[in-house]
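**Q** Input structure: run_17.cif, which contains mmCIF, C-alpha atoms.
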data_coords
#
loop_
_atom_site.label_atom_id
_atom_site.label_comp_id
_atom_site.auth_asym_id
_atom_site.auth_seq_id
_atom_site.Cartn_x
_atom_site.Cartn_y
_atom_site.Cartn_z
CA MET A 218 11.99 107.54 39.82
CA ASP A 219 13.02 105.94 36.55
CA LEU A 220 13.55 109.35 35.02
CA LEU A 221 15.82 110.34 37.89
CA ARG A 222 17.84 107.20 37.44
CA ARG A 223 18.40 107.86 33.75
CA THR A 224 19.42 111.42 34.40
CA VAL A 225 21.82 110.42 37.12
CA LEU A 226 23.38 107.63 35.07
CA LYS A 227 23.80 109.89 32.06
CA GLY A 228 25.08 112.81 33.98
CA ALA A 229 27.32 110.84 36.27
CA GLY A 230 29.65 109.78 33.45
CA ALA A 231 32.60 109.19 35.68
CA SER A 232 32.12 106.07 37.73
CA GLY A 233 33.65 107.82 40.72
CA VAL A 234 30.73 110.18 40.91
CA LEU A 235 28.33 107.30 40.69
CA ALA A 236 30.17 105.43 43.41
CA GLY A 237 29.96 108.54 45.55
CA LEU A 238 26.25 108.75 45.05
CA LEU A 239 25.89 105.09 45.93
CA ALA A 240 27.94 105.55 49.06
CA ALA A 241 25.91 108.56 50.06
CA GLY A 242 22.79 106.44 49.76
CA VAL A 243 21.26 108.79 47.21
CA LEU A 244 20.82 105.82 44.94
CA LYS A 245 20.17 102.37 46.20
CA PRO A 246 22.01 99.77 44.13
CA THR A 247 18.78 97.98 43.39
CA LEU A 248 17.34 101.13 41.91
CA ALA A 249 20.45 101.98 39.97
CA TYR A 250 21.04 98.64 38.30
CA ALA A 251 19.12 95.56 39.22
CA ASN A 252 15.85 96.67 37.69
CA ASP A 253 17.41 96.26 34.30
CA TRP A 254 17.92 92.52 34.77
CA ASN A 255 15.42 90.70 32.63
CA LYS A 256 14.12 88.40 35.35
CA ALA A 257 11.39 86.83 33.25
CA ALA A 258 13.82 85.84 30.51
CA PHE A 259 16.55 84.54 32.81
CA GLU A 260 14.15 82.57 34.95
CA ALA A 261 12.28 81.04 32.05
CA LYS A 262 12.71 77.27 32.19
CA ASP A 263 11.40 76.65 28.73
CA PHE A 264 13.67 77.38 25.78
CA ASP A 265 10.88 78.74 23.59
CA VAL A 266 9.55 80.94 26.38
CA ALA A 267 13.05 82.33 26.94
CA LEU A 268 13.38 83.07 23.23
CA LYS A 269 10.02 84.79 23.21
CA THR A 270 10.84 86.88 26.27
CA ILE A 271 13.97 88.34 24.67
CA GLY A 272 12.04 89.01 21.48
CA ALA A 273 13.90 86.46 19.40
CA GLU A 274 11.02 84.51 17.90
CA GLY A 275 11.42 83.63 14.27
CA ALA A 276 15.11 84.40 14.20
CA ALA A 277 16.63 83.60 10.81
CA ALA A 278 19.96 81.85 10.37
CA ASN A 279 22.57 84.13 8.86
CA ALA A 280 26.07 83.28 7.71
CA ALA A 281 27.34 86.58 9.07
CA LEU A 282 26.57 85.44 12.61
CA VAL A 283 29.18 82.91 13.64
CA MET A 284 29.43 80.99 16.87
CA LYS A 285 32.54 79.14 17.90
CA ALA A 286 32.08 76.42 20.48
CA PRO A 287 33.88 73.17 21.14
CA GLU A 288 32.38 70.01 19.57
CA ILE A 289 33.04 68.10 22.74
CA ALA A 290 33.36 69.78 26.11
CA GLU A 291 35.15 67.63 28.63
CA ASN A 292 34.13 69.90 31.47
CA GLY A 293 30.61 71.25 31.21
CA ALA A 294 31.33 73.80 33.94
CA VAL A 295 33.53 75.84 31.63
CA VAL A 296 32.57 75.81 27.98
CA PRO A 297 34.12 78.64 25.99
CA ILE A 298 31.72 80.25 23.52
CA ASP A 299 32.67 82.89 21.01
CA VAL A 300 30.02 84.79 19.07
CA THR A 301 30.90 87.14 16.24
CA SER A 302 28.37 89.03 14.20
CA THR A 303 29.55 90.88 11.13
CA ILE A 304 25.99 91.97 10.42
CA PRO A 305 26.10 95.79 10.26
CA ASN A 306 24.68 97.59 13.29
CA THR A 307 24.56 94.57 15.54
CA THR A 308 23.36 95.95 18.83
CA TYR A 309 22.46 92.83 20.77
CA ILE A 310 23.72 89.31 21.28
CA ALA A 311 22.24 86.68 23.55
CA ILE A 312 23.43 83.14 24.17
CA LEU A 313 21.10 80.32 25.16
CA VAL A 314 21.80 76.74 26.13
CA LYS A 315 18.76 74.76 25.07
CA LYS A 316 18.86 72.00 27.69
CA ASN A 317 20.04 73.98 30.71
CA PRO A 318 17.55 74.38 33.59
CA PHE A 319 17.44 78.08 32.68
CA PRO A 320 18.25 78.30 28.98
CA LEU A 321 19.17 81.99 28.75
CA SER A 322 22.76 82.40 29.91
CA SER A 323 23.64 85.95 29.03
CA SER A 324 22.77 88.89 26.83
CA PHE A 325 24.78 91.89 25.74
CA GLU A 326 23.93 95.25 24.25
CA PHE A 327 26.48 97.16 22.24
CA ALA A 328 26.80 100.91 21.72
CA ASN A 329 29.34 103.66 21.06
CA GLY A 330 31.70 101.59 18.92
CA ALA A 331 31.46 98.16 20.53
CA THR A 332 31.22 95.58 17.78
CA GLY A 333 29.08 92.47 17.80
CA ASP A 334 31.75 90.29 19.34
CA VAL A 335 31.51 88.53 22.62
CA SER A 336 33.25 85.63 24.26
CA VAL A 337 32.02 83.98 27.43
CA ARG A 338 32.45 80.76 29.34
CA LEU A 339 29.26 78.93 30.17
CA LYS A 340 28.02 76.03 32.23
CA VAL A 341 26.35 73.41 30.10
CA ALA A 342 24.38 70.80 32.02
CA GLU A 343 24.26 68.13 29.33
CA THR A 344 24.84 67.68 25.62
CA SER A 345 22.82 70.49 24.13
CA VAL A 346 22.34 72.87 21.29
CA ILE A 347 23.79 76.30 22.02
CA GLN A 348 22.00 79.11 20.27
CA ALA A 349 23.23 82.61 19.65
CA ILE A 350 20.76 85.39 18.90
CA ALA A 351 21.76 88.69 17.35
CA LYS A 352 19.68 91.77 16.70
CA ALA A 353 20.58 94.32 14.06
CA ASP A 354 18.39 97.08 12.62
CA GLY A 355 15.28 95.55 14.16
CA LYS A 356 15.87 92.13 12.63
CA VAL A 357 16.69 88.99 14.58
CA TYR A 358 19.27 86.41 13.53
CA SER A 359 20.41 83.14 14.99
CA ALA A 360 23.24 80.64 14.84
CA GLN A 361 23.51 77.35 16.63
CA LYS A 362 25.83 74.52 17.37
CA GLU A 363 25.63 71.34 19.38
CA VAL A 364 28.12 70.80 22.15
CA LYS A 365 28.63 67.32 23.55
CA VAL A 366 29.27 67.33 27.26
CA THR A 367 30.95 64.44 29.04
CA VAL A 368 30.82 65.89 32.59
CA GLY A 369 27.86 68.15 33.37
CA GLY A 370 28.34 71.71 34.49
CA CYS A 371 25.43 72.01 36.89
CA GLY A 372 24.68 70.31 40.15
CA GLY A 373 28.26 69.02 40.31
CA MET B 1114 33.41 93.49 48.42
CA ALA B 1115 34.59 90.92 45.96
CA ASP B 1116 38.13 90.52 44.71
CA PRO B 1117 39.35 92.89 42.01
CA MET B 1118 38.72 92.08 38.37
CA LYS B 1119 41.52 91.56 35.96
CA ILE B 1120 40.97 93.73 32.91
CA ARG B 1121 43.09 93.81 29.82
CA ALA B 1122 42.43 96.29 27.02
CA GLN B 1123 44.71 96.10 24.03
CA MET B 1124 44.68 97.70 20.61
CA LYS B 1125 44.74 95.17 17.79
CA GLY B 1126 44.83 97.24 14.63
CA ASP B 1127 41.96 99.72 14.95
CA VAL B 1128 39.99 97.55 17.33
CA CYS B 1129 40.40 97.49 21.07
CA GLU B 1130 40.09 94.05 22.60
CA VAL B 1131 38.79 94.06 26.14
CA ARG B 1132 39.06 90.95 28.27
CA VAL B 1133 37.74 90.80 31.80
CA LEU B 1134 38.15 88.17 34.46
CA MET B 1135 35.76 88.58 37.36
CA SER B 1136 36.06 86.82 40.65
CA HIS B 1137 32.65 85.47 41.54
CA PRO B 1138 31.20 82.11 42.63
CA MET B 1139 28.28 82.29 40.16
CA GLU B 1140 26.03 79.91 42.10
CA THR B 1141 23.07 78.84 40.01
CA GLY B 1142 20.72 78.06 42.87
CA GLN B 1143 20.46 74.51 41.52
CA ARG B 1144 23.48 72.97 43.19
CA LYS B 1145 23.26 71.02 46.45
CA ASP B 1146 25.97 71.03 49.09
CA GLY B 1147 27.32 68.03 50.98
CA ASP B 1148 24.30 67.93 53.29
CA GLY B 1149 21.82 67.93 50.43
CA LYS B 1150 20.83 71.53 51.05
CA THR B 1151 20.38 73.72 48.02
CA VAL B 1152 23.06 76.38 47.71
CA PRO B 1153 21.23 79.67 47.18
CA ALA B 1154 21.70 81.46 43.89
CA HIS B 1155 24.48 84.03 43.93
CA HIS B 1156 25.50 85.30 40.54
CA ILE B 1157 26.28 88.45 38.64
CA GLN B 1158 23.20 89.94 37.03
CA THR B 1159 24.40 93.00 35.18
CA LEU B 1160 27.72 94.21 33.89
CA THR B 1161 28.82 97.35 32.12
CA VAL B 1162 31.89 98.21 30.12
CA ALA B 1163 32.57 101.89 29.65
CA LEU B 1164 35.17 103.57 27.48
CA ASN B 1165 36.09 107.03 28.76
CA GLY B 1166 32.86 107.07 30.75
CA LYS B 1167 30.65 106.11 27.81
CA THR B 1168 28.91 102.76 28.06
CA VAL B 1169 29.95 100.47 25.23
CA VAL B 1170 28.62 97.13 26.44
CA SER B 1171 25.83 96.43 28.89
CA GLY B 1172 25.38 92.79 29.67
CA GLN B 1173 23.05 90.65 31.71
CA THR B 1174 23.97 87.25 33.01
CA GLY B 1175 22.22 84.34 34.65
CA GLY B 1176 23.64 81.58 36.81
CA SER B 1177 24.75 79.53 33.84
CA VAL B 1178 27.80 81.66 33.23
CA SER B 1179 30.86 79.84 34.58
CA ARG B 1180 32.35 80.58 37.97
CA ASN B 1181 34.92 83.39 37.83
CA PRO B 1182 33.48 84.60 34.52
CA VAL B 1183 35.63 85.70 31.64
CA PHE B 1184 34.22 88.06 29.05
CA GLY B 1185 35.74 89.34 25.85
CA PHE B 1186 34.52 92.32 23.83
CA LYS B 1187 35.76 94.42 20.94
CA VAL B 1188 35.43 98.18 20.66
CA LYS B 1189 36.14 100.41 17.70
CA GLY B 1190 37.23 104.00 18.04
CA ALA B 1191 39.39 103.51 21.11
CA LYS B 1192 43.01 104.56 21.34
CA ALA B 1193 45.93 103.84 23.63
CA GLY B 1194 45.56 105.65 26.93
CA ASP B 1195 41.76 105.56 26.96
CA LYS B 1196 40.11 104.53 30.19
CA VAL B 1197 38.17 101.30 30.34
CA ALA B 1198 35.93 100.77 33.36
CA VAL B 1199 34.06 97.56 34.06
CA SER B 1200 31.36 97.18 36.70
CA TRP B 1201 29.14 94.36 37.80
CA VAL B 1202 26.26 93.94 40.22
CA ASP B 1203 25.11 90.57 41.54
CA ASN B 1204 21.73 89.34 42.76
CA LYS B 1205 22.65 90.15 46.37
CA GLY B 1206 23.38 93.75 45.51
CA ASP B 1207 27.13 93.30 45.82
CA LYS B 1208 29.04 95.26 43.21
CA ARG B 1209 32.46 96.11 41.98
CA THR B 1210 34.06 98.52 39.51
CA ASP B 1211 37.60 98.36 38.20
CA GLU B 1212 39.48 100.41 35.68
CA THR B 1213 42.39 100.07 33.33
CA THR B 1214 43.86 102.00 30.43
CA VAL B 1215 44.03 100.83 26.84
CA ALA B 1216 47.50 99.58 25.93
#
Would it be possible to restate this file's structure as structure tokens?

**A**
Amino acid sequence: MDLLRRTVLKGAGASGVLAGLLAAGVLKPTLAYANDWNKAAFEAKDFDVALKTIGAEGAAANAALVMKAPEIAENGAVVPIDVTSTIPNTTYIAILVKKNPFPLSSSFEFANGATGDVSVRLKVAETSVIQAIAKADGKVYSAQKEVKVTVGGCGG
Amino acid sequence: MADPMKIRAQMKGDVCEVRVLMSHPMETGQRKDGDGKTVPAHHIQTLTVALNGKTVVSGQTGGSVSRNPVFGFKVKGAKAGDKVAVSWVDNKGDKRTDETTVA
């Protein structure tokens, strides 16, 4: 089944074709996409477990991985985060909020010319360290910054 | 089907900046409503950005991404007129794809 999915995704190139297949019920959405979601990592409640699950243990700080985040976020529901990696061949960036109920917020894989740049807006439950993880050529790097939150972004 | 995304793809020098605004509640599954009942989780799980049909970014998101998420990416090797398609799928199987051309 997995092999079929790969073939279809590769071959389908144009999203229209894929949409057609979905409509025709050849592919169920869950088979086509949702399997890829890293449930274990996103549902990990422990920061270290989440790090481990995405394979980011022992990440080393690197000046070429830069995270921009506000020092103080007035509204924890929308905290803009900007991660830029100038490390050559950056293929992966993940962003974790240490004190959130589920620390892993998002992860991105880059290919075919996409550079290691990503900006997102996150919910931050309370004042917390935000950690960015980047992977390049099999090595793992990290950058972090503390964001002070005056109004929490969860449970509100 | 959810509301359309707003996608902007613009050349800045030799890099194409892609910005996407998605319309989605992004419920974490942690929040309680007025009656003290937990609001079930409803958030985008996977997203894909494709340039001329080739995937350039594949992302995964949890509930801690803000409501109506905004994402920004940069792609090298694009040129004006190229097609940028963005798709997402949420945890209820709802999905959406929208397209724009690089300006």

**Q** Mind pulling up the distance from CA of Arg1180 (chain B) to CA of His1137 (chain B)?

**A** 6.1 Å

**Q** For a quick check of understanding, using all atoms listed in the file, which of B:Met1139, B:Val1188, B:Leu1134, B:Ile1120 has the smallest distance to chain A?

**A**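 Ranking B:Met1139, B:Val1188, B:Leu1134, B:Ile1120 by distance to chain A, first place goes to B:Val1188.
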
**Q** Would you translate the PyMOL selection byres ((chain B) within 6 of (chain A)) into the concrete set of residues it matches in this file, as a VMD selection string?

**A** chain B and resid 1144 1166 1169 to 1175 1177 to 1179 1183 to 1189

**Q** On this file, the PyMOL selection byres ((chain A and resi 366) around 9) gives some set of residues; write that set as a list in words.

**A**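 So the PyMOL selection byres ((chain A and resi 366) around 9), applied here, picks out Glu288, Ile289, Ala290, Glu291, Asn292, Gly293, Val341, Ala342, Glu343, Thr344, Ser345, Val364, Lys365, Thr367, Val368, Gly369 and Gly370 of chain A.
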
**Q** Please write the residues from the selection above to a file, keeping C-alpha atoms, as a PDB file, in the frame of the given file.

**A**
ATOM      1  CA  GLU A 288      32.380  70.010  19.570  1.00  0.00           C
ATOM      2  CA  ILE A 289      33.040  68.100  22.740  1.00  0.00           C
ATOM      3  CA  ALA A 290      33.360  69.780  26.110  1.00  0.00           C
ATOM      4  CA  GLU A 291      35.150  67.630  28.630  1.00  0.00           C
ATOM      5  CA  ASN A 292      34.130  69.900  31.470  1.00  0.00           C
ATOM      6  CA  GLY A 293      30.610  71.250  31.210  1.00  0.00           C
ATOM      7  CA  VAL A 341      26.350  73.410  30.100  1.00  0.00           C
ATOM      8  CA  ALA A 342      24.380  70.800  32.020  1.00  0.00           C
ATOM      9  CA  GLU A 343      24.260  68.130  29.330  1.00  0.00           C
ATOM     10  CA  THR A 344      24.840  67.680  25.620  1.00  0.00           C
ATOM     11  CA  SER A 345      22.820  70.490  24.130  1.00  0.00           C
ATOM     12  CA  VAL A 364      28.120  70.800  22.150  1.00  0.00           C
ATOM     13  CA  LYS A 365      28.630  67.320  23.550  1.00  0.00           C
ATOM     14  CA  THR A 367      30.950  64.440  29.040  1.00  0.00           C
ATOM     15  CA  VAL A 368      30.820  65.890  32.590  1.00  0.00           C
ATOM     16  CA  GLY A 369      27.860  68.150  33.370  1.00  0.00           C
ATOM     17  CA  GLY A 370      28.340  71.710  34.490  1.00  0.00           C
TER      18      GLY A 370
END

**Q** Can you pull out every residue within 10 Å of Leu282 (chain A), counting only C-alpha atoms, but drop anything in the same chain fewer than 2 positions away, and send it as a count of residues only?

**A** 20

**Q** Give me the residues near Thr1214 (chain B) as a count of residues only, where near means some atom within 7 Å (using all atoms listed in the file) and where sequence neighbours in that chain fewer than 6 positions away do not count.

**A** 5

**Q** Find the residue from A:Val357, A:Ala277, A:Val266, A:Val283 that sits nearest to Lys315 (chain A); use all atoms listed in the file when measuring.

**A**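 That would be A:Val266, the residue with the smallest distance to Lys315 (chain A).
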
**Q** Distance CA of His1155 (chain B)-CA of Pro1117 (chain B), one decimal place?

**A**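 For CA of His1155 (chain B) relative to CA of Pro1117 (chain B), the distance reads 17.4 Å.
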
**Q** So how far away is CA of Gly1176 (chain B) from CA of Gly1149 (chain B), in Å?

**A** 19.4 Å

**Q** Evaluate the PyMOL selection byres ((chain B and resi 1216) around 6) against this structure - the residues, as a list in words, please.

**A**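 Expected selection for the PyMOL selection byres ((chain B and resi 1216) around 6) here is Gln1123, Ala1193 and Val1215 of chain B.
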
**Q** Would you mind listing what lies within 6 Å of Ala1198 (chain B) as an mmCIF file with C-alpha atoms, keeping the file's coordinate frame, with only C-alpha atoms counted and same-chain residues fewer than 5 positions away left out?

**A**
data_model
loop_
_atom_site.group_PDB
_atom_site.id
_atom_site.type_symbol
_atom_site.label_atom_id
_atom_site.label_comp_id
_atom_site.auth_asym_id
_atom_site.auth_seq_id
_atom_site.Cartn_x
_atom_site.Cartn_y
_atom_site.Cartn_z
ATOM 1 C CA VAL B 1162 31.890 98.210 30.120
ATOM 2 C CA ALA B 1163 32.570 101.890 29.650
ATOM 3 C CA ASP B 1211 37.600 98.360 38.200
ATOM 4 C CA GLU B 1212 39.480 100.410 35.680
#

**Q** Taking into account only C-alpha atoms, which residue in the set B:Val1199, B:Arg1132, B:Gly1142, B:Asp1148 is nearest to Asn1165 (chain B)?

**A**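 So, comparing all the options, the nearest one is B:Val1199.
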
**Q** Using only C-alpha atoms for the distances, tell me which of B:Gln1143, B:Thr1151, B:Thr1159, B:Thr1168 is nearest to Asp1207 (chain B).

**A**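 Looking at the shortest contact to Asp1207 (chain B), the residue is B:Thr1159.
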
**Q** Met1135 (chain B): which residues within 6 Å, counting all atoms listed in the file, same-chain residues fewer than 5 positions away excluded, as JSON, numbers by chain?

**A** {"B": [1118, 1181, 1182]}
